[in-house]
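**Student:** Structure supplied as coords28.txt; contents: compact mmCIF, C-alpha atoms and all ligand atoms.
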```txt
# COMPACT_ATOMS: atom_id res chain seq x y z
CA MET A 18 55.62 -75.93 101.55
CA ARG A 19 55.57 -73.77 104.66
CA GLN A 20 52.61 -71.43 104.61
CA LYS A 21 50.50 -69.21 106.80
CA LEU A 22 47.43 -71.29 107.56
CA VAL A 23 44.30 -71.04 109.71
CA ALA A 24 42.07 -74.09 110.06
CA GLY A 25 38.62 -74.00 111.66
CA ASN A 26 37.62 -77.21 113.42
CA TRP A 27 33.85 -77.07 113.81
CA LYS A 28 33.82 -80.36 115.76
CA MET A 29 30.33 -81.87 116.34
CA ASN A 30 28.50 -78.55 116.19
CA LEU A 31 25.79 -76.89 114.08
CA THR A 32 22.88 -78.07 111.99
CA TYR A 33 22.96 -78.06 108.20
CA PRO A 34 21.30 -74.62 107.82
CA GLU A 35 23.58 -73.20 110.53
CA ALA A 36 26.64 -74.60 108.78
CA LEU A 37 25.63 -73.00 105.49
CA ALA A 38 24.94 -69.70 107.20
CA LEU A 39 28.32 -69.75 108.96
CA VAL A 40 30.37 -70.51 105.85
CA GLY A 41 28.43 -67.83 103.96
CA GLU A 42 29.22 -65.27 106.66
CA ILE A 43 32.89 -66.25 106.84
CA THR A 44 33.45 -66.07 103.09
CA SER A 45 31.69 -62.74 102.77
CA LEU A 46 33.43 -61.18 105.78
CA ALA A 47 36.82 -62.57 104.84
CA GLY A 48 36.26 -62.03 101.12
CA GLU A 49 39.16 -59.65 100.84
CA ALA A 50 41.34 -62.30 102.39
CA GLY A 51 41.48 -63.66 98.85
CA ALA A 52 44.47 -61.37 98.30
CA ALA A 53 47.77 -63.03 97.43
CA SER A 54 49.20 -62.33 100.90
CA ALA A 55 46.21 -63.95 102.65
CA PRO A 56 46.74 -67.14 104.63
CA THR A 57 45.41 -70.49 103.51
CA VAL A 58 42.09 -71.05 105.29
CA VAL A 59 40.83 -74.61 105.86
CA ILE A 60 37.23 -75.09 106.94
CA CYS A 61 36.61 -78.44 108.66
CA PRO A 62 32.86 -79.05 109.12
CA PRO A 63 31.23 -82.32 110.25
CA PHE A 64 31.00 -85.05 107.58
CA PRO A 65 27.35 -84.50 106.52
CA PHE A 66 28.01 -80.84 105.67
CA LEU A 67 31.30 -81.25 103.81
CA HIS A 68 30.06 -81.22 100.27
CA ALA A 69 27.62 -78.34 100.70
CA VAL A 70 30.11 -76.23 102.65
CA GLY A 71 32.75 -76.95 100.01
CA GLN A 72 30.36 -75.68 97.35
CA GLN A 73 30.12 -72.36 99.20
CA LEU A 74 33.90 -71.79 99.22
CA PRO A 75 35.02 -69.44 96.48
CA PRO A 76 36.73 -71.53 93.79
CA ALA A 77 40.47 -71.09 93.19
CA SER A 78 40.78 -69.00 96.37
CA ASN A 79 42.71 -69.36 99.60
CA PHE A 80 39.73 -71.26 101.10
CA HIS A 81 39.99 -75.06 101.28
CA LEU A 82 37.88 -77.87 102.68
CA GLY A 83 39.05 -80.24 105.40
CA ALA A 84 37.59 -83.15 107.38
CA GLN A 85 37.98 -83.90 111.07
CA ASN A 86 38.82 -87.58 110.78
CA CYS A 87 38.97 -90.48 108.34
CA HIS A 88 39.00 -94.26 108.52
CA GLN A 89 42.21 -96.14 107.81
CA LYS A 90 40.77 -98.42 105.13
CA GLU A 91 39.85 -97.38 101.62
CA SER A 92 36.42 -99.07 101.59
CA GLY A 93 34.56 -102.09 102.94
CA ALA A 94 32.29 -103.34 105.70
CA PHE A 95 32.99 -100.66 108.31
CA THR A 96 29.51 -99.43 109.17
CA GLY A 97 29.38 -95.76 110.05
CA GLU A 98 32.89 -94.96 108.87
CA VAL A 99 34.16 -92.57 106.19
CA SER A 100 37.28 -93.20 104.11
CA ALA A 101 39.90 -90.71 102.97
CA LYS A 102 39.03 -91.52 99.37
CA MET A 103 35.39 -90.52 100.01
CA LEU A 104 36.55 -87.26 101.55
CA ALA A 105 38.73 -86.47 98.55
CA SER A 106 35.79 -87.25 96.26
CA VAL A 107 33.66 -84.51 97.89
CA GLY A 108 36.40 -81.91 97.57
CA CYS A 109 38.37 -82.27 100.80
CA GLU A 110 42.04 -81.40 100.59
CA TYR A 111 42.94 -81.68 104.27
CA VAL A 112 42.08 -83.99 107.17
CA ILE A 113 42.72 -83.47 110.88
CA LEU A 114 44.33 -86.57 112.44
CA GLY A 115 45.48 -87.28 115.98
CA HIS A 116 43.31 -84.62 117.62
CA SER A 117 43.47 -85.12 121.39
CA GLU A 118 39.70 -85.68 121.49
CA ARG A 119 40.11 -88.62 119.04
CA ARG A 120 43.06 -89.94 121.04
CA GLN A 121 41.14 -89.66 124.33
CA TYR A 122 37.53 -90.57 123.49
CA PHE A 123 38.14 -92.96 120.60
CA ARG A 124 41.38 -94.51 121.84
CA GLU A 125 43.29 -93.63 118.69
CA ASP A 126 46.90 -94.65 119.26
CA ASP A 127 50.08 -94.13 117.26
CA GLU A 128 49.67 -97.38 115.36
CA LEU A 129 46.13 -96.55 114.22
CA LEU A 130 47.09 -92.96 113.46
CA GLY A 131 49.97 -94.27 111.35
CA GLN A 132 47.47 -96.22 109.26
CA LYS A 133 45.16 -93.22 108.99
CA LEU A 134 48.05 -91.01 107.89
CA LYS A 135 48.96 -93.48 105.14
CA ALA A 136 45.31 -93.71 104.02
CA ALA A 137 44.95 -89.93 103.93
CA LEU A 138 48.16 -89.47 101.97
CA ALA A 139 47.25 -92.25 99.54
CA ALA A 140 43.97 -90.41 98.83
CA GLY A 141 45.87 -87.18 98.17
CA LEU A 142 44.78 -85.46 101.40
CA LYS A 143 47.10 -83.30 103.49
CA PRO A 144 46.98 -84.42 107.13
CA ILE A 145 46.86 -81.81 109.88
CA PHE A 146 48.53 -83.95 112.54
CA CYS A 147 47.94 -82.89 116.16
CA VAL A 148 50.30 -83.34 119.08
CA GLY A 149 50.11 -81.91 122.58
CA GLU A 150 50.68 -82.63 126.25
CA SER A 151 48.30 -82.84 129.21
CA LEU A 152 48.56 -80.50 132.19
CA ASP A 153 50.09 -83.31 134.28
CA THR A 154 52.78 -83.85 131.67
CA ARG A 155 53.54 -80.12 131.53
CA GLU A 156 53.66 -79.82 135.31
CA ALA A 157 55.98 -82.84 135.50
CA ASP A 158 58.26 -80.92 133.11
CA GLU A 159 57.97 -83.69 130.52
CA THR A 160 56.44 -81.72 127.65
CA PHE A 161 59.38 -82.06 125.27
CA LYS A 162 59.84 -85.76 126.03
CA TYR A 163 56.13 -86.39 125.44
CA ILE A 164 55.85 -84.39 122.21
CA GLY A 165 59.10 -85.90 120.95
CA LYS A 166 57.62 -89.37 121.41
CA GLN A 167 54.35 -88.42 119.73
CA LEU A 168 56.32 -87.17 116.74
CA THR A 169 58.68 -90.13 116.57
CA ASP A 170 56.04 -92.82 117.05
CA GLY A 171 53.19 -91.10 115.24
CA LEU A 172 54.71 -89.22 112.36
CA PHE A 173 58.37 -89.76 111.64
CA HIS A 174 57.77 -93.18 110.08
CA LEU A 175 56.65 -91.30 106.95
CA SER A 176 58.97 -91.01 103.96
CA ASN A 177 60.38 -87.56 103.09
CA GLU A 178 57.83 -87.20 100.29
CA GLU A 179 54.94 -88.18 102.55
CA PHE A 180 56.12 -85.95 105.39
CA ALA A 181 56.28 -82.96 103.03
CA GLN A 182 52.46 -83.11 102.76
CA VAL A 183 51.88 -82.90 106.52
CA VAL A 184 50.89 -79.86 108.58
CA ILE A 185 51.59 -80.19 112.31
CA ALA A 186 49.34 -78.66 114.97
CA TYR A 187 50.68 -78.19 118.49
CA GLU A 188 47.63 -78.32 120.74
CA PRO A 189 48.33 -78.48 124.47
CA ILE A 190 45.40 -80.47 125.86
CA TRP A 191 45.09 -78.14 128.85
CA ALA A 192 44.39 -75.25 126.46
CA ILE A 193 41.75 -76.89 124.25
CA GLY A 194 38.28 -75.49 124.90
CA THR A 195 39.33 -74.30 128.34
CA GLY A 196 39.87 -70.61 127.66
CA ARG A 197 43.40 -71.09 128.96
CA THR A 198 45.75 -70.29 126.06
CA ALA A 199 49.44 -71.10 126.01
CA THR A 200 51.46 -67.90 126.21
CA SER A 201 53.12 -66.96 122.96
CA ALA A 202 56.47 -67.85 124.58
CA GLN A 203 55.19 -71.32 125.57
CA ALA A 204 53.87 -71.89 122.04
CA GLN A 205 57.08 -70.65 120.42
CA GLU A 206 59.23 -72.85 122.65
CA VAL A 207 57.36 -76.02 121.67
CA HIS A 208 57.12 -75.06 117.99
CA ALA A 209 60.90 -74.48 117.89
CA PHE A 210 61.39 -77.86 119.56
CA ILE A 211 59.14 -79.53 116.96
CA ARG A 212 61.17 -77.93 114.17
CA GLU A 213 64.39 -79.23 115.75
CA GLN A 214 62.96 -82.74 115.90
CA ILE A 215 61.98 -82.57 112.22
CA ALA A 216 65.52 -81.50 111.35
CA ARG A 217 66.87 -84.52 113.23
CA ALA A 218 64.39 -86.98 111.72
CA TYR A 219 64.53 -85.60 108.16
CA ASP A 220 66.75 -82.61 107.44
CA ALA A 221 67.09 -78.89 108.02
CA GLN A 222 65.18 -78.01 104.87
CA ALA A 223 62.22 -80.20 105.87
CA ALA A 224 62.18 -78.41 109.24
CA LEU A 225 62.11 -75.00 107.54
CA ASP A 226 59.41 -76.11 105.09
CA THR A 227 56.94 -77.55 107.62
CA THR A 228 53.85 -75.57 108.57
CA ILE A 229 53.30 -75.73 112.35
CA LEU A 230 50.03 -74.42 113.80
CA TYR A 231 49.12 -73.56 117.37
CA GLY A 232 45.74 -74.68 118.74
CA GLY A 233 44.10 -74.25 122.13
CA SER A 234 41.76 -71.38 122.99
CA ALA A 235 43.25 -69.20 120.26
CA ASN A 236 40.86 -66.33 119.63
CA ALA A 237 40.40 -62.93 118.02
CA GLN A 238 42.24 -61.25 120.91
CA ASN A 239 45.34 -63.43 121.17
CA ALA A 240 45.88 -64.65 117.59
CA LYS A 241 48.10 -61.74 116.51
CA GLU A 242 50.51 -62.25 119.40
CA LEU A 243 50.62 -66.02 118.86
CA PHE A 244 51.09 -65.73 115.08
CA SER A 245 53.90 -63.20 115.52
CA GLN A 246 56.16 -65.91 116.92
CA PRO A 247 58.81 -67.01 114.44
CA ASP A 248 57.91 -70.70 114.50
CA VAL A 249 54.12 -70.29 114.69
CA ASP A 250 52.69 -70.44 111.16
CA GLY A 251 49.02 -70.10 112.07
CA GLY A 252 46.33 -71.78 114.09
CA LEU A 253 43.93 -74.68 114.45
CA ILE A 254 40.87 -72.99 115.86
CA GLY A 255 37.95 -74.66 117.66
CA GLY A 256 35.40 -72.49 119.51
CA ALA A 257 36.31 -69.23 117.79
CA ALA A 258 35.88 -70.86 114.36
CA LEU A 259 32.13 -70.98 115.02
CA LYS A 260 31.87 -67.19 115.17
CA ALA A 261 32.29 -65.65 111.74
CA ALA A 262 33.55 -62.27 112.96
CA ASP A 263 36.07 -63.79 115.37
CA PHE A 264 37.30 -66.33 112.84
CA THR A 265 37.73 -63.57 110.25
CA THR A 266 39.75 -61.49 112.71
CA ILE A 267 41.95 -64.53 113.33
CA ILE A 268 42.46 -65.01 109.57
CA GLN A 269 43.51 -61.37 109.40
CA SER A 270 45.91 -61.62 112.36
CA PHE A 271 49.17 -62.15 110.48
C1 LIG B 1 40.71 -77.69 118.84
O1 LIG B 1 39.90 -78.46 119.31
O2 LIG B 1 41.40 -78.03 117.86
C2 LIG B 1 40.83 -76.37 119.45
C3 LIG B 1 41.91 -75.70 119.27
O3 LIG B 1 39.75 -75.95 120.20
P1 LIG B 1 39.61 -74.52 120.94
O4 LIG B 1 40.10 -73.47 119.99
O5 LIG B 1 38.14 -74.40 121.22
O6 LIG B 1 40.44 -74.60 122.16
```
Show me the file's structure as C-alpha cells.
Ligand code: PEP

**Tutor:**
Amino acid sequence: MRQKLVAGNWKMNLTYPEALALVGEITSLAGEAGAASAPTVVICPPFPFLHAVGQQLPPASNFHLGAQNCHQKESGAFTGEVSAKMLASVGCEYVILGHSERRQYFREDDELLGQKLKAALAAGLKPIFCVGESLDTREADETFKYIGKQLTDGLFHLSNEEFAQVVIAYEPIWAIGTGRTATSAQAQEVHAFIREQIARAYDAQAALDTTILYGGSANAQNAKELFSQPDVDGGLIGGAALKAADFTTIIQSF
C-alpha cells in the first residue's frame, strides 16, 4: 500500500541513554503527528537499542520500529549476526536492506541481498530496499541503466505478493552524508523511472501502490520541496534523523 513514510536511519550512532533521550524527544515533539493524515514514521536504531526504543513508541500510532540490517539465515552458528526473526520478535516491522554503506563496506551483492529480502519477508518484516548510483555513474549518464539493473537483479525476482511488502528508497550515493542533496527534479526523474520499471516487471497497479522514498542529505529545509514531487512518497533520513527538531520538521513536511 502506497503511503507517506519517513524513516530515520540512526546508523552506528548514539549510546543507550542518548538513544532513549532522542526517541523521547521525537515522540513528544511529533506527538500531534499521530493524526490520521500523519505519515508513517519508522525509527531505525542500532540493534542493541531496538527493544527499548520500540517500547518508547506510542502504541497503535503512526510510529514503527525498523532495523538497519538482518542476516539471511533464520538461526544458527553465525557469531555476531542478527536474524530477521529475532528482529520481528523485539517488535521490528521494517528492515533497511541494500543500503549503499552495506553494499560498499560489507560487500553485499544482489545475490546476498536477495537472500536477505526473502528472510525478512519470511519473518513478516517490510524491507526498505535501497538503490542509488555513484557520482561517476551519474556523470557517465548511466543512472537509469544502473538503477534499472539494481532493481532487476536485486528486487524483481520477488513474487507479486512479496513485492507488495517492499518500500523502495532511492539514495544517490553522492548525496548520502555529503550535504549535497539531489534537486527535487533529479529525485522526481529517478522516482518516475523506478515506477515505470515496476510497471514493466509487475503491473501498473503495483507501480502505483509502491512507496518510494528519497534519501541523501534530506533535511528540515529541503524536505517539503522533495516531498512535493508526485513520485516522492517520503524520505529515508540519516544525519537529520539524529536531531529531534529537524526530524520532526521533516515528518511534518508533507
Ligand atoms: C542514509 O544513509 O540513508 C542517508 C540518507 O543519510 P543522510 O541523510 O545523512 O545523507

**Student:** Could the residues that lie within 9 Å of ligand LIG 1 (chain B), counting only C-alpha atoms and all ligand atoms, be listed as a count of residues only?

**Tutor:** 35

**Student:** Would you mind listing what lies within 10 Å of stretch 245-247 of chain A as a CSV table (one decimal) with C-alpha atoms, in the coordinates of the input, with only C-alpha atoms counted and same-chain residues fewer than 2 positions away left out?

**Tutor:**
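Output contents, as saved in selection35.csv:
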```csv
chain,number,residue,atom,x,y,z
A,201,SER,CA,53.1,-67.0,123.0
A,202,ALA,CA,56.5,-67.8,124.6
A,204,ALA,CA,53.9,-71.9,122.0
A,205,GLN,CA,57.1,-70.6,120.4
A,206,GLU,CA,59.2,-72.8,122.6
A,208,HIS,CA,57.1,-75.1,118.0
A,209,ALA,CA,60.9,-74.5,117.9
A,240,ALA,CA,45.9,-64.6,117.6
A,241,LYS,CA,48.1,-61.7,116.5
A,242,GLU,CA,50.5,-62.2,119.4
A,243,LEU,CA,50.6,-66.0,118.9
A,249,VAL,CA,54.1,-70.3,114.7
A,250,ASP,CA,52.7,-70.4,111.2
A,251,GLY,CA,49.0,-70.1,112.1
A,270,SER,CA,45.9,-61.6,112.4
A,271,PHE,CA,49.2,-62.2,110.5
```

**Student:** With all atoms listed in the file counted, which protein, DNA or RNA residues have an atom no more than 10 Å from (44.1, -84.6, 109.3) in the file frame? Please answer as JSON, numbers by chain.

**Tutor:** {"A": [61, 83, 84, 85, 86, 87, 101, 110, 111, 112, 113, 114, 115, 116, 130, 133, 134, 137, 138, 142, 143, 144, 145, 146, 147, 183, 184, 185, 186]}

**Student:** Could you tell me how far atom CA of A:Gln203 lies from atom CA of A:Thr227, in Å and to one decimal?

**Tutor:**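 Rounded to one decimal, the two atoms are 19.1 Å apart.
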
**Student:** So which residues touch A:His174 within 10 Å, counting only C-alpha atoms, skipping near sequence neighbours fewer than 6 positions away, as a list in words?

**Tutor:** Gly131, Leu168, Phe180 and Ala218 of chain A

**Student:** Of the residues A:Lys135, A:Ile43, A:Glu125, A:Pro65, which is the one nearest to A:Lys90, using all atoms listed in the file?

**Tutor:**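 Ranking A:Lys135, A:Ile43, A:Glu125, A:Pro65 by distance to A:Lys90, first place goes to A:Lys135.
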
**Student:** In Å, with one decimal, what is the gap from atom CA of A:Gln20 to atom CA of A:Ser100?

**Tutor:**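 Between atom CA of A:Gln20 and atom CA of A:Ser100 the gap works out to 26.6 Å.
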
**Student:** In terms of the shortest atom-to-atom distance over only C-alpha atoms, which of A:Asp170, A:Glu150, A:Asp248, A:Glu42 is closest to A:Glu128?

**Tutor:**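 So, comparing all the options, the nearest one is A:Asp170.
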
**Student:** Have a look at A:Leu67, A:Ala55, A:Ala140, A:Val148 and name the one nearest to A:Asp127; count all atoms listed in the file.

**Tutor:** A:Val148

**Student:** Set the distance at 12 Å and use all atoms listed in the file: which residues neighbour A:Ala38 once local chain neighbours fewer than 5 positions away are removed? I'd like the list as a ChimeraX atom specification.

**Tutor:** /A:31-33,43-45,66,69-70,73,259-261

**Student:** Provide the atom CA of A:Val107 to atom CA of A:Phe64 distance in Å, to one decimal place.

**Tutor:**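 Value for the atom CA of A:Val107-atom CA of A:Phe64 distance: 10.1 Å.
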
**Student:** Which residue is closest to A:Pro76? Choose from A:Asp153, A:Phe161, A:Ala139, A:Gly108 and count only C-alpha atoms.

**Tutor:**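 For A:Pro76, the nearest of the candidates is A:Gly108.
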
**Student:** Which polymer residues have any atom within 10 Å of an atom of A:Thr169, counting only C-alpha atoms, with same-chain residues fewer than 3 positions away left out, as a list of chain:residue names?

**Tutor:**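 Counting only the stated atoms, we get A:Asp127, A:Tyr163, A:Ile164, A:Gly165, A:Lys166, A:Leu172, A:Phe173, A:His174, A:Leu175, A:Gln214, A:Ile215, A:Ala218.
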